[in-house]
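What follows is one structure encoded as structure tokens, with my remarks underneath.
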Amino acid sequence: MHKLLIICGPTATGKTALAARLAKKFNGELVSADSRQVYKFMDIGTGKDWPEGIKIWGYDLVNPDGEFSVSEFVKFAEKKINNIYKRGKLPILVGGTGFYIKAIVDDLDRIHIPRNLKLRKELLNKTARELYALLLEKFPKEATKLNASDKANPRRLTRLLEVLNTDILPHKTGKPRFDDVLWLGLMASKDELAMRIENRVENRARNGMQAEVQSLIKKGYTDALAKTIGYKDWPDLDKWKTEEVKYAKRQMTWFKKEPRINWFDVSNSNFEQRIEKLVKKWHNK
RNA sequence: GCCGAGAUGGCGGAGUGGACAAUCGCACCAGACUGUAAAUCUGGCGGCCGAAAGGCCUGCUUAGGUUCGAAUCCUAAUCUCGGCA
């Protein structure tokens, strides 16, 4: 019986802390599904927590200038989850990157089609219009299926051309079979979330962010800093907060349409008890 | 006190007699997204009615004025910023 527990939701809702408690109660190990925390040396800015006595996998997978994507994540996480099963423990997938979580649970067949650097280079300077025209010419069926947003999105158009151009079939990874998946979602009202984010940012700013940024610069990772929330606007805390709030909103836009999530408002005083009750029932089933 | 410059939507900032409810950027709201998801992209964004097309009202510091017509010209007031005292 392979069960998977998922704890998702926007940033600053206390996912890791909850996951750690549940891991203790139910003999679990954590797998982080967070696209920022995979980078080494970026600890404070990405909010890595290391709960005591609990294993958490998925941090520090690549250098800040390394290539990473859902595909790498899936390969890593599936291996890890299988390993956790082998040891008779419960894997708990915890994080705010909805795409990564979905990729683990559902069969997303295209994500393992590799990059085509030559093609990407050719398409690099083309506008969305040009890319779409090209797509329409070569793959009219796929092209007309696109929505208005994707039609204007150079990055996604490039990727689609890349996917359709290949004859390489995506290889099957050793995907674990999940018999039973429980999705838990942590959320809060807009105001509550904004407040939590503010506090969190201020704490991180006080607790070593300056030194972390400097050491990253010293190591030469300025490109990575320039594109990462928290680092790119440092030391402007207001901007950091705004970016973090916007990020939380984007996360919610993704999660809102996921019907399998059981939502809990972290402002409710008894939400943890209710979660424990639910998990217990599911775990013993 | 005198001389200059200026006051535009939540903010920055265009517009300098009609095409202006007012380019654009930020913020904000909603959304898309099966290999960059920390990314990228789409729509909305004065008020009211409407599904929409569209309609009505208010509006560019304030008060007057000129004009068929003003954010744009004139007068005065208030405030801000530079220079001289």
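For the structure tokens, the naming scheme is as follows: chains receive sequential letters (A, B, ...) according to their order of presentation, residues are indexed from 1 within each chain, and ligands are indexed from 1 in presentation order.
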Name all residues at most 7 Å from range 91-105 of chain A (count only C-alpha atoms (C1' of nucleotides); drop same-chain ones fewer than 2 positions away) and give them as a ChimeraX atom specification. /A:4-11,15-16,19,28-35,70,74,81,84,89,107-108,251,254-255 /B:37
Expected file contents, prior selection, N, CA and C atoms (P, O5', C5', C4', C3', O3' and C1' of nucleotides), as a tab-separated table (two decimals), in the first residue's frame:
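Result saved to result37.tsv:
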chain	number	residue	atom	x	y	z
A	4	LEU	N	0.77	8.50	-0.29
A	4	LEU	CA	1.54	9.74	-0.42
A	4	LEU	C	0.74	10.86	0.22
A	5	LEU	N	1.41	11.58	1.10
A	5	LEU	CA	0.77	12.74	1.73
A	5	LEU	C	1.35	14.00	1.10
A	6	ILE	N	0.47	14.89	0.69
A	6	ILE	CA	0.91	16.14	0.08
A	6	ILE	C	0.50	17.32	0.95
A	7	ILE	N	1.43	18.20	1.19
A	7	ILE	CA	1.11	19.43	1.91
A	7	ILE	C	1.53	20.59	1.01
A	8	CYS	N	0.53	21.30	0.52
A	8	CYS	CA	0.83	22.38	-0.40
A	8	CYS	C	0.17	23.67	0.05
A	9	GLY	N	0.34	24.72	-0.75
A	9	GLY	CA	-0.23	26.01	-0.41
A	9	GLY	C	0.79	27.11	-0.63
A	10	PRO	N	0.35	28.36	-0.52
A	10	PRO	CA	1.26	29.46	-0.78
A	10	PRO	C	2.33	29.59	0.30
A	11	THR	N	3.29	30.42	0.01
A	11	THR	CA	4.40	30.66	0.91
A	11	THR	C	3.91	31.25	2.24
A	15	LYS	N	3.91	25.33	6.07
A	15	LYS	CA	3.83	23.97	5.52
A	15	LYS	C	4.88	23.04	6.11
A	16	THR	N	6.11	23.52	6.15
A	16	THR	CA	7.20	22.65	6.61
A	16	THR	C	7.03	22.26	8.07
A	19	ALA	N	4.37	19.71	8.26
A	19	ALA	CA	4.86	18.46	7.68
A	19	ALA	C	5.78	17.73	8.66
A	28	GLY	N	7.16	9.53	8.96
A	28	GLY	CA	7.35	10.00	7.59
A	28	GLY	C	8.67	10.70	7.35
A	29	GLU	N	8.95	10.93	6.07
A	29	GLU	CA	10.08	11.75	5.67
A	29	GLU	C	9.60	12.78	4.65
A	30	LEU	N	10.22	13.95	4.68
A	30	LEU	CA	9.75	15.03	3.82
A	30	LEU	C	10.51	15.10	2.50
A	31	VAL	N	9.77	15.38	1.44
A	31	VAL	CA	10.38	15.70	0.16
A	31	VAL	C	9.89	17.09	-0.21
A	32	SER	N	10.82	18.02	-0.34
A	32	SER	CA	10.46	19.40	-0.63
A	32	SER	C	10.12	19.56	-2.11
A	33	ALA	N	9.01	20.20	-2.39
A	33	ALA	CA	8.65	20.51	-3.78
A	33	ALA	C	8.67	22.02	-3.93
A	34	ASP	N	9.87	22.55	-3.97
A	34	ASP	CA	10.03	24.00	-4.01
A	34	ASP	C	11.12	24.35	-5.00
A	35	SER	N	10.75	25.09	-6.02
A	35	SER	CA	11.68	25.35	-7.11
A	35	SER	C	12.81	26.30	-6.72
A	70	VAL	N	11.25	20.98	-13.96
A	70	VAL	CA	10.38	19.93	-13.45
A	70	VAL	C	10.94	18.56	-13.69
A	74	VAL	N	11.35	15.76	-10.94
A	74	VAL	CA	10.60	14.50	-10.93
A	74	VAL	C	11.54	13.30	-10.81
A	81	ILE	N	11.23	9.00	-3.29
A	81	ILE	CA	9.99	8.45	-2.75
A	81	ILE	C	10.03	6.93	-2.75
A	84	ILE	N	12.03	5.88	0.12
A	84	ILE	CA	11.31	6.03	1.39
A	84	ILE	C	10.35	4.85	1.60
A	89	LYS	N	8.57	3.79	5.18
A	89	LYS	CA	8.10	5.06	5.75
A	89	LYS	C	7.11	5.76	4.82
A	107	ASP	N	0.53	11.74	-14.59
A	107	ASP	CA	1.43	11.41	-15.68
A	107	ASP	C	1.52	12.58	-16.64
A	108	LEU	N	2.61	13.28	-16.59
A	108	LEU	CA	2.81	14.38	-17.53
A	108	LEU	C	3.83	13.89	-18.55
A	251	GLN	N	0.83	31.40	-6.81
A	251	GLN	CA	0.71	30.04	-6.30
A	251	GLN	C	-0.76	29.68	-6.11
A	254	TRP	N	-2.69	28.82	-9.17
A	254	TRP	CA	-2.44	27.43	-9.59
A	254	TRP	C	-3.24	26.47	-8.72
A	255	PHE	N	-3.12	26.61	-7.42
A	255	PHE	CA	-3.73	25.64	-6.50
A	255	PHE	C	-5.26	25.67	-6.51
B	37	A	P	12.00	26.52	-13.37
B	37	A	O5'	10.54	27.11	-13.05
B	37	A	C5'	10.43	28.42	-12.56
B	37	A	C4'	9.03	28.62	-12.04
B	37	A	C3'	8.55	27.54	-11.08
B	37	A	O3'	7.71	28.11	-10.10
B	37	A	C1'	7.15	27.62	-12.94
All strand (DSSP E or B) residues (DSSP, backbone) inside range 31-240 of chain A, as a list in words: Val31, Ser32, Tyr39, Ile56, Trp57, Val62, Leu90, Pro91, Ile92, Leu93, Val94, Gly95, Asp180, Val181, Leu182, Trp183, Leu184, Gly185, Leu186 and Met187 of chain A
Identify, on the basis of only C-alpha atoms (C1' of nucleotides), every residue whose closest approach to range 39-49 of chain B does not exceed 9 Å; exclude the query and any residue fewer than 2 positions from it along the same chain; express the result as a ChimeraX atom specification. /A:147-156,227 /B:9,21,28-33,36-37,55-59
Based on the selection just made, write N, CA and C atoms (P, O5', C5', C4', C3', O3' and C1' of nucleotides) of those residues as a compact mmCIF listing (two decimals), in the first residue's frame.
# COMPACT_ATOMS: atom_id res chain seq x y z
N ASN A 147 -4.33 28.73 -26.45
CA ASN A 147 -5.13 29.87 -25.99
C ASN A 147 -4.35 31.17 -26.23
N ALA A 148 -5.04 32.28 -26.06
CA ALA A 148 -4.47 33.60 -26.39
C ALA A 148 -3.20 33.87 -25.60
N SER A 149 -3.18 33.41 -24.38
CA SER A 149 -2.03 33.67 -23.54
C SER A 149 -0.80 32.92 -24.03
N ASP A 150 -0.96 31.66 -24.35
CA ASP A 150 0.17 30.86 -24.84
C ASP A 150 0.65 31.33 -26.22
N LYS A 151 -0.27 31.78 -27.03
CA LYS A 151 0.10 32.27 -28.37
C LYS A 151 1.05 33.45 -28.28
N ALA A 152 0.99 34.17 -27.19
CA ALA A 152 1.81 35.38 -27.04
C ALA A 152 3.00 35.14 -26.14
N ASN A 153 3.24 33.91 -25.79
CA ASN A 153 4.29 33.59 -24.82
C ASN A 153 5.49 32.93 -25.50
N PRO A 154 6.54 33.70 -25.76
CA PRO A 154 7.68 33.19 -26.52
C PRO A 154 8.28 31.93 -25.88
N ARG A 155 8.33 31.91 -24.60
CA ARG A 155 8.98 30.79 -23.93
C ARG A 155 8.19 29.49 -24.15
N ARG A 156 6.90 29.60 -24.02
CA ARG A 156 6.09 28.40 -24.18
C ARG A 156 5.97 27.99 -25.65
N LYS A 227 17.64 37.00 -10.67
CA LYS A 227 16.32 36.52 -11.06
C LYS A 227 15.52 35.93 -9.90
P G B 9 -3.60 62.71 -9.87
O5' G B 9 -4.30 61.29 -9.99
C5' G B 9 -5.51 61.02 -9.24
C4' G B 9 -6.16 59.78 -9.84
C3' G B 9 -5.51 58.46 -9.42
O3' G B 9 -6.35 57.77 -8.49
C1' G B 9 -5.78 58.60 -11.79
P A B 21 -13.18 61.10 -24.39
O5' A B 21 -12.59 60.01 -23.40
C5' A B 21 -12.69 60.16 -22.02
C4' A B 21 -11.69 59.23 -21.37
C3' A B 21 -12.20 57.78 -21.28
O3' A B 21 -11.10 56.87 -21.38
C1' A B 21 -11.79 58.65 -19.12
P C B 28 0.81 44.21 -6.06
O5' C B 28 -0.69 44.68 -6.28
C5' C B 28 -1.44 45.27 -5.23
C4' C B 28 -2.82 45.63 -5.73
C3' C B 28 -3.59 44.45 -6.31
O3' C B 28 -4.22 43.70 -5.30
C1' C B 28 -3.73 46.28 -7.79
P C B 29 -4.35 42.14 -5.48
O5' C B 29 -5.58 42.03 -6.49
C5' C B 29 -6.89 42.41 -6.09
C4' C B 29 -7.83 42.23 -7.24
C3' C B 29 -7.78 40.85 -7.90
O3' C B 29 -8.53 39.89 -7.20
C1' C B 29 -7.72 42.52 -9.56
P A B 30 -8.02 38.37 -7.22
O5' A B 30 -8.40 37.92 -8.70
C5' A B 30 -9.77 37.76 -9.06
C4' A B 30 -9.88 37.52 -10.53
C3' A B 30 -9.15 36.30 -11.07
O3' A B 30 -9.84 35.09 -10.84
C1' A B 30 -8.76 38.14 -12.49
P G B 31 -8.98 33.76 -10.60
O5' G B 31 -8.33 33.46 -12.04
C5' G B 31 -9.15 33.05 -13.11
C4' G B 31 -8.43 33.22 -14.41
C3' G B 31 -7.35 32.21 -14.78
O3' G B 31 -7.89 30.97 -15.16
C1' G B 31 -6.69 34.36 -15.44
P A B 32 -7.04 29.64 -15.07
O5' A B 32 -6.05 29.77 -16.31
C5' A B 32 -6.56 29.72 -17.62
C4' A B 32 -5.42 29.86 -18.60
C3' A B 32 -4.37 28.76 -18.51
O3' A B 32 -4.78 27.64 -19.29
C1' A B 32 -3.31 30.86 -18.59
P C B 33 -4.45 26.21 -18.73
O5' C B 33 -2.86 26.17 -18.75
C5' C B 33 -2.16 26.18 -19.98
C4' C B 33 -0.70 26.38 -19.72
C3' C B 33 -0.09 25.38 -18.75
O3' C B 33 0.26 24.18 -19.42
C1' C B 33 0.62 27.57 -18.20
P U B 36 9.69 24.87 -18.35
O5' U B 36 11.03 25.66 -18.00
C5' U B 36 12.11 25.01 -17.35
C4' U B 36 12.89 26.05 -16.59
C3' U B 36 11.99 27.06 -15.86
O3' U B 36 12.49 27.31 -14.57
C1' U B 36 13.36 28.16 -17.48
P A B 37 12.00 26.52 -13.37
O5' A B 37 10.54 27.11 -13.05
C5' A B 37 10.43 28.42 -12.56
C4' A B 37 9.03 28.62 -12.04
C3' A B 37 8.55 27.54 -11.08
O3' A B 37 7.71 28.11 -10.10
C1' A B 37 7.15 27.62 -12.94
P G B 55 -21.95 55.35 -27.41
O5' G B 55 -22.97 55.53 -26.20
C5' G B 55 -24.35 55.73 -26.46
C4' G B 55 -25.11 55.70 -25.16
C3' G B 55 -24.70 56.75 -24.15
O3' G B 55 -25.29 58.00 -24.44
C1' G B 55 -24.92 54.66 -23.07
P C B 56 -24.46 59.36 -24.14
O5' C B 56 -24.70 59.49 -22.57
C5' C B 56 -26.01 59.77 -22.06
C4' C B 56 -26.02 59.59 -20.57
C3' C B 56 -25.02 60.45 -19.81
O3' C B 56 -25.48 61.77 -19.61
C1' C B 56 -24.92 58.23 -19.00
P C B 57 -24.40 62.98 -19.56
O5' C B 57 -23.81 62.77 -18.10
C5' C B 57 -24.64 62.96 -16.96
C4' C B 57 -23.91 62.53 -15.71
C3' C B 57 -22.63 63.28 -15.41
O3' C B 57 -22.89 64.50 -14.74
C1' C B 57 -22.25 60.95 -15.17
P U B 58 -21.83 65.72 -14.89
O5' U B 58 -20.56 65.21 -14.09
C5' U B 58 -20.53 65.28 -12.66
C4' U B 58 -19.29 64.62 -12.14
C3' U B 58 -17.96 65.23 -12.59
O3' U B 58 -17.60 66.38 -11.84
C1' U B 58 -17.85 62.90 -12.83
P G B 59 -16.68 67.49 -12.52
O5' G B 59 -15.34 66.67 -12.80
C5' G B 59 -14.44 66.41 -11.73
C4' G B 59 -13.25 65.65 -12.25
C3' G B 59 -12.37 66.43 -13.23
O3' G B 59 -11.44 67.22 -12.52
C1' G B 59 -12.80 64.28 -14.10
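Counting only C-alpha atoms (C1' of nucleotides) and comparing B:U78, B:U67, B:U16, B:U34, the residue that lies closest to chain A is B:U34.
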Would you pick out the contacts of Glu212 in chain A at 8 Å or less, using only C-alpha atoms (C1' of nucleotides), so that residues sharing its chain but fewer than 6 positions from it are not included, and give the list as a ChimeraX atom specification? /A:41-44
Could the residues of range 9-76 of chain B that have an atom at most 12 Å from range 236-243 of chain A be listed as CSV, each with its closest atom pair and the distance in Å to one decimal, counting only C-alpha atoms (C1' of nucleotides) and ordered by chain and ascending residue number?
residue,atom,partner,partner_atom,distance
B:C26,C1',A:Lys239,CA,11.1
B:A27,C1',A:Thr242,CA,9.0
B:C28,C1',A:Thr242,CA,11.2
B:A38,C1',A:Glu243,CA,10.2
With C-alpha atoms (C1' of nucleotides) retained, could you export that selection as a compact mmCIF listing (two decimals), in the first residue's frame?
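And here is the file that came out, part01.txt:
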# COMPACT_ATOMS: atom_id res chain seq x y z
C1' C B 26 4.61 50.29 -11.26
C1' A B 27 1.05 48.62 -7.84
C1' C B 28 -3.73 46.28 -7.79
C1' A B 38 11.73 31.88 -8.53
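Minimum atom-to-atom distances from A:Lys79, A:Arg115, A:Arg196, A:Lys218 to chain B were compared using only C-alpha atoms (C1' of nucleotides), and the lowest value belongs to A:Arg115.
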Tell me, in Å to one decimal, how far CA of Asp60 in chain A is from CA of Asn207 in chain A. 19.8 Å
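Put simply, CA of Lys121 in chain A is 15.5 Å away from CA of Thr166 in chain A.
Excluding Ala133 in chain A and any residue on its chain fewer than 5 positions from it, the residues at most 9 Å away by only C-alpha atoms (C1' of nucleotides) are A:Ala128, A:Lys138, A:Ala143.
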Saved selection, atoms kept: C-alpha atoms, as a PDB file, in the first residue's frame:
ATOM      1  CA  ALA A 128       5.975  35.657 -30.236  1.00  0.00           C
ATOM      2  CA  LYS A 138       4.690  23.382 -39.233  1.00  0.00           C
ATOM      3  CA  ALA A 143      -1.093  25.789 -33.091  1.00  0.00           C
TER       4      ALA A 143
END
Report as a ChimeraX atom specification: the residues of range 158-229 of chain A with a DSSP assignment of alpha helix (DSSP H), based on the backbone of this structure. /A:158-165,190-206,209-219,222-227
Produce a file of the selected residues containing N, CA and C atoms, as a CSV table (one decimal), in the first residue's frame.
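part-v3.csv, written as the output of this step:
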chain,number,residue,atom,x,y,z
A,158,THR,N,8.3,28.4,-27.8
A,158,THR,CA,9.6,27.8,-28.1
A,158,THR,C,9.6,26.3,-27.6
A,159,ARG,N,9.1,26.2,-26.4
A,159,ARG,CA,9.1,24.8,-25.9
A,159,ARG,C,8.2,23.9,-26.7
A,160,LEU,N,7.1,24.4,-27.1
A,160,LEU,CA,6.1,23.6,-27.9
A,160,LEU,C,6.8,23.2,-29.2
A,161,LEU,N,7.5,24.1,-29.9
A,161,LEU,CA,8.2,23.8,-31.1
A,161,LEU,C,9.2,22.7,-30.8
A,162,GLU,N,9.9,22.8,-29.7
A,162,GLU,CA,10.9,21.9,-29.3
A,162,GLU,C,10.3,20.5,-29.1
A,163,VAL,N,9.2,20.4,-28.5
A,163,VAL,CA,8.5,19.2,-28.2
A,163,VAL,C,8.0,18.5,-29.5
A,164,LEU,N,7.5,19.3,-30.3
A,164,LEU,CA,6.9,18.8,-31.6
A,164,LEU,C,7.9,18.4,-32.6
A,165,ASN,N,9.1,19.0,-32.5
A,165,ASN,CA,10.2,18.7,-33.4
A,165,ASN,C,10.9,17.4,-33.1
A,190,LYS,N,-6.2,37.0,2.5
A,190,LYS,CA,-5.2,37.9,1.9
A,190,LYS,C,-4.4,38.7,2.9
A,191,ASP,N,-5.1,39.3,3.8
A,191,ASP,CA,-4.5,40.2,4.8
A,191,ASP,C,-3.6,39.4,5.7
A,192,GLU,N,-4.1,38.3,6.2
A,192,GLU,CA,-3.3,37.4,7.1
A,192,GLU,C,-2.0,37.0,6.4
A,193,LEU,N,-2.1,36.6,5.1
A,193,LEU,CA,-1.0,36.1,4.4
A,193,LEU,C,0.1,37.2,4.2
A,194,ALA,N,-0.4,38.4,3.9
A,194,ALA,CA,0.5,39.6,3.7
A,194,ALA,C,1.2,39.8,5.0
A,195,MET,N,0.5,39.7,6.1
A,195,MET,CA,1.2,40.0,7.4
A,195,MET,C,2.2,38.9,7.7
A,196,ARG,N,1.9,37.7,7.4
A,196,ARG,CA,2.9,36.6,7.7
A,196,ARG,C,4.1,36.8,6.8
A,197,ILE,N,3.9,37.2,5.5
A,197,ILE,CA,5.0,37.4,4.6
A,197,ILE,C,5.9,38.6,5.1
A,198,GLU,N,5.3,39.6,5.5
A,198,GLU,CA,6.0,40.8,6.0
A,198,GLU,C,6.9,40.4,7.2
A,199,ASN,N,6.4,39.7,8.1
A,199,ASN,CA,7.1,39.3,9.3
A,199,ASN,C,8.3,38.4,8.9
A,200,ARG,N,8.0,37.5,8.0
A,200,ARG,CA,9.0,36.5,7.5
A,200,ARG,C,10.1,37.2,6.8
A,201,VAL,N,9.8,38.1,6.0
A,201,VAL,CA,10.9,38.9,5.3
A,201,VAL,C,11.7,39.6,6.2
A,202,GLU,N,11.1,40.3,7.2
A,202,GLU,CA,11.9,41.1,8.2
A,202,GLU,C,12.8,40.2,9.0
A,203,ASN,N,12.3,39.0,9.4
A,203,ASN,CA,13.1,38.1,10.1
A,203,ASN,C,14.3,37.7,9.3
A,204,ARG,N,14.1,37.3,8.1
A,204,ARG,CA,15.2,36.9,7.2
A,204,ARG,C,16.2,38.0,7.0
A,205,ALA,N,15.7,39.2,6.9
A,205,ALA,CA,16.6,40.3,6.7
A,205,ALA,C,17.5,40.5,7.9
A,206,ARG,N,16.9,40.3,9.1
A,206,ARG,CA,17.7,40.4,10.3
A,206,ARG,C,18.6,39.3,10.5
A,209,MET,N,20.6,37.6,6.0
A,209,MET,CA,20.4,37.7,4.5
A,209,MET,C,21.6,38.5,3.9
A,210,GLN,N,22.0,39.5,4.5
A,210,GLN,CA,23.1,40.4,4.0
A,210,GLN,C,24.3,39.5,3.7
A,211,ALA,N,24.7,38.7,4.7
A,211,ALA,CA,25.9,37.9,4.6
A,211,ALA,C,25.7,36.9,3.5
A,212,GLU,N,24.5,36.3,3.4
A,212,GLU,CA,24.3,35.3,2.4
A,212,GLU,C,24.4,35.9,1.0
A,213,VAL,N,23.8,37.1,0.8
A,213,VAL,CA,23.9,37.8,-0.5
A,213,VAL,C,25.4,38.0,-0.9
A,214,GLN,N,26.1,38.5,0.1
A,214,GLN,CA,27.5,38.8,-0.1
A,214,GLN,C,28.3,37.6,-0.5
A,215,SER,N,28.1,36.5,0.2
A,215,SER,CA,28.8,35.3,-0.1
A,215,SER,C,28.5,34.8,-1.5
A,216,LEU,N,27.2,34.9,-1.9
A,216,LEU,CA,26.8,34.5,-3.2
A,216,LEU,C,27.5,35.3,-4.3
A,217,ILE,N,27.6,36.6,-4.0
A,217,ILE,CA,28.2,37.5,-5.0
A,217,ILE,C,29.7,37.1,-5.1
A,218,LYS,N,30.3,36.8,-4.0
A,218,LYS,CA,31.7,36.4,-3.9
A,218,LYS,C,31.9,35.2,-4.7
A,219,LYS,N,30.9,34.3,-4.7
A,219,LYS,CA,31.1,33.0,-5.4
A,219,LYS,C,30.8,33.2,-6.9
A,222,THR,N,25.9,36.0,-9.6
A,222,THR,CA,25.1,37.2,-9.7
A,222,THR,C,23.9,37.1,-10.6
A,223,ASP,N,24.0,36.2,-11.6
A,223,ASP,CA,22.9,36.0,-12.5
A,223,ASP,C,21.7,35.3,-11.8
A,224,ALA,N,22.1,34.4,-10.9
A,224,ALA,CA,21.0,33.7,-10.2
A,224,ALA,C,20.4,34.7,-9.2
A,225,LEU,N,21.2,35.6,-8.6
A,225,LEU,CA,20.6,36.5,-7.7
A,225,LEU,C,19.7,37.5,-8.4
A,226,ALA,N,20.0,37.8,-9.6
A,226,ALA,CA,19.2,38.8,-10.4
A,226,ALA,C,17.8,38.3,-10.7
A,227,LYS,N,17.6,37.0,-10.7
A,227,LYS,CA,16.3,36.5,-11.1
A,227,LYS,C,15.5,35.9,-9.9
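Between CA of Val245 in chain A and CA of Met187 in chain A lies a distance of 13.1 Å.
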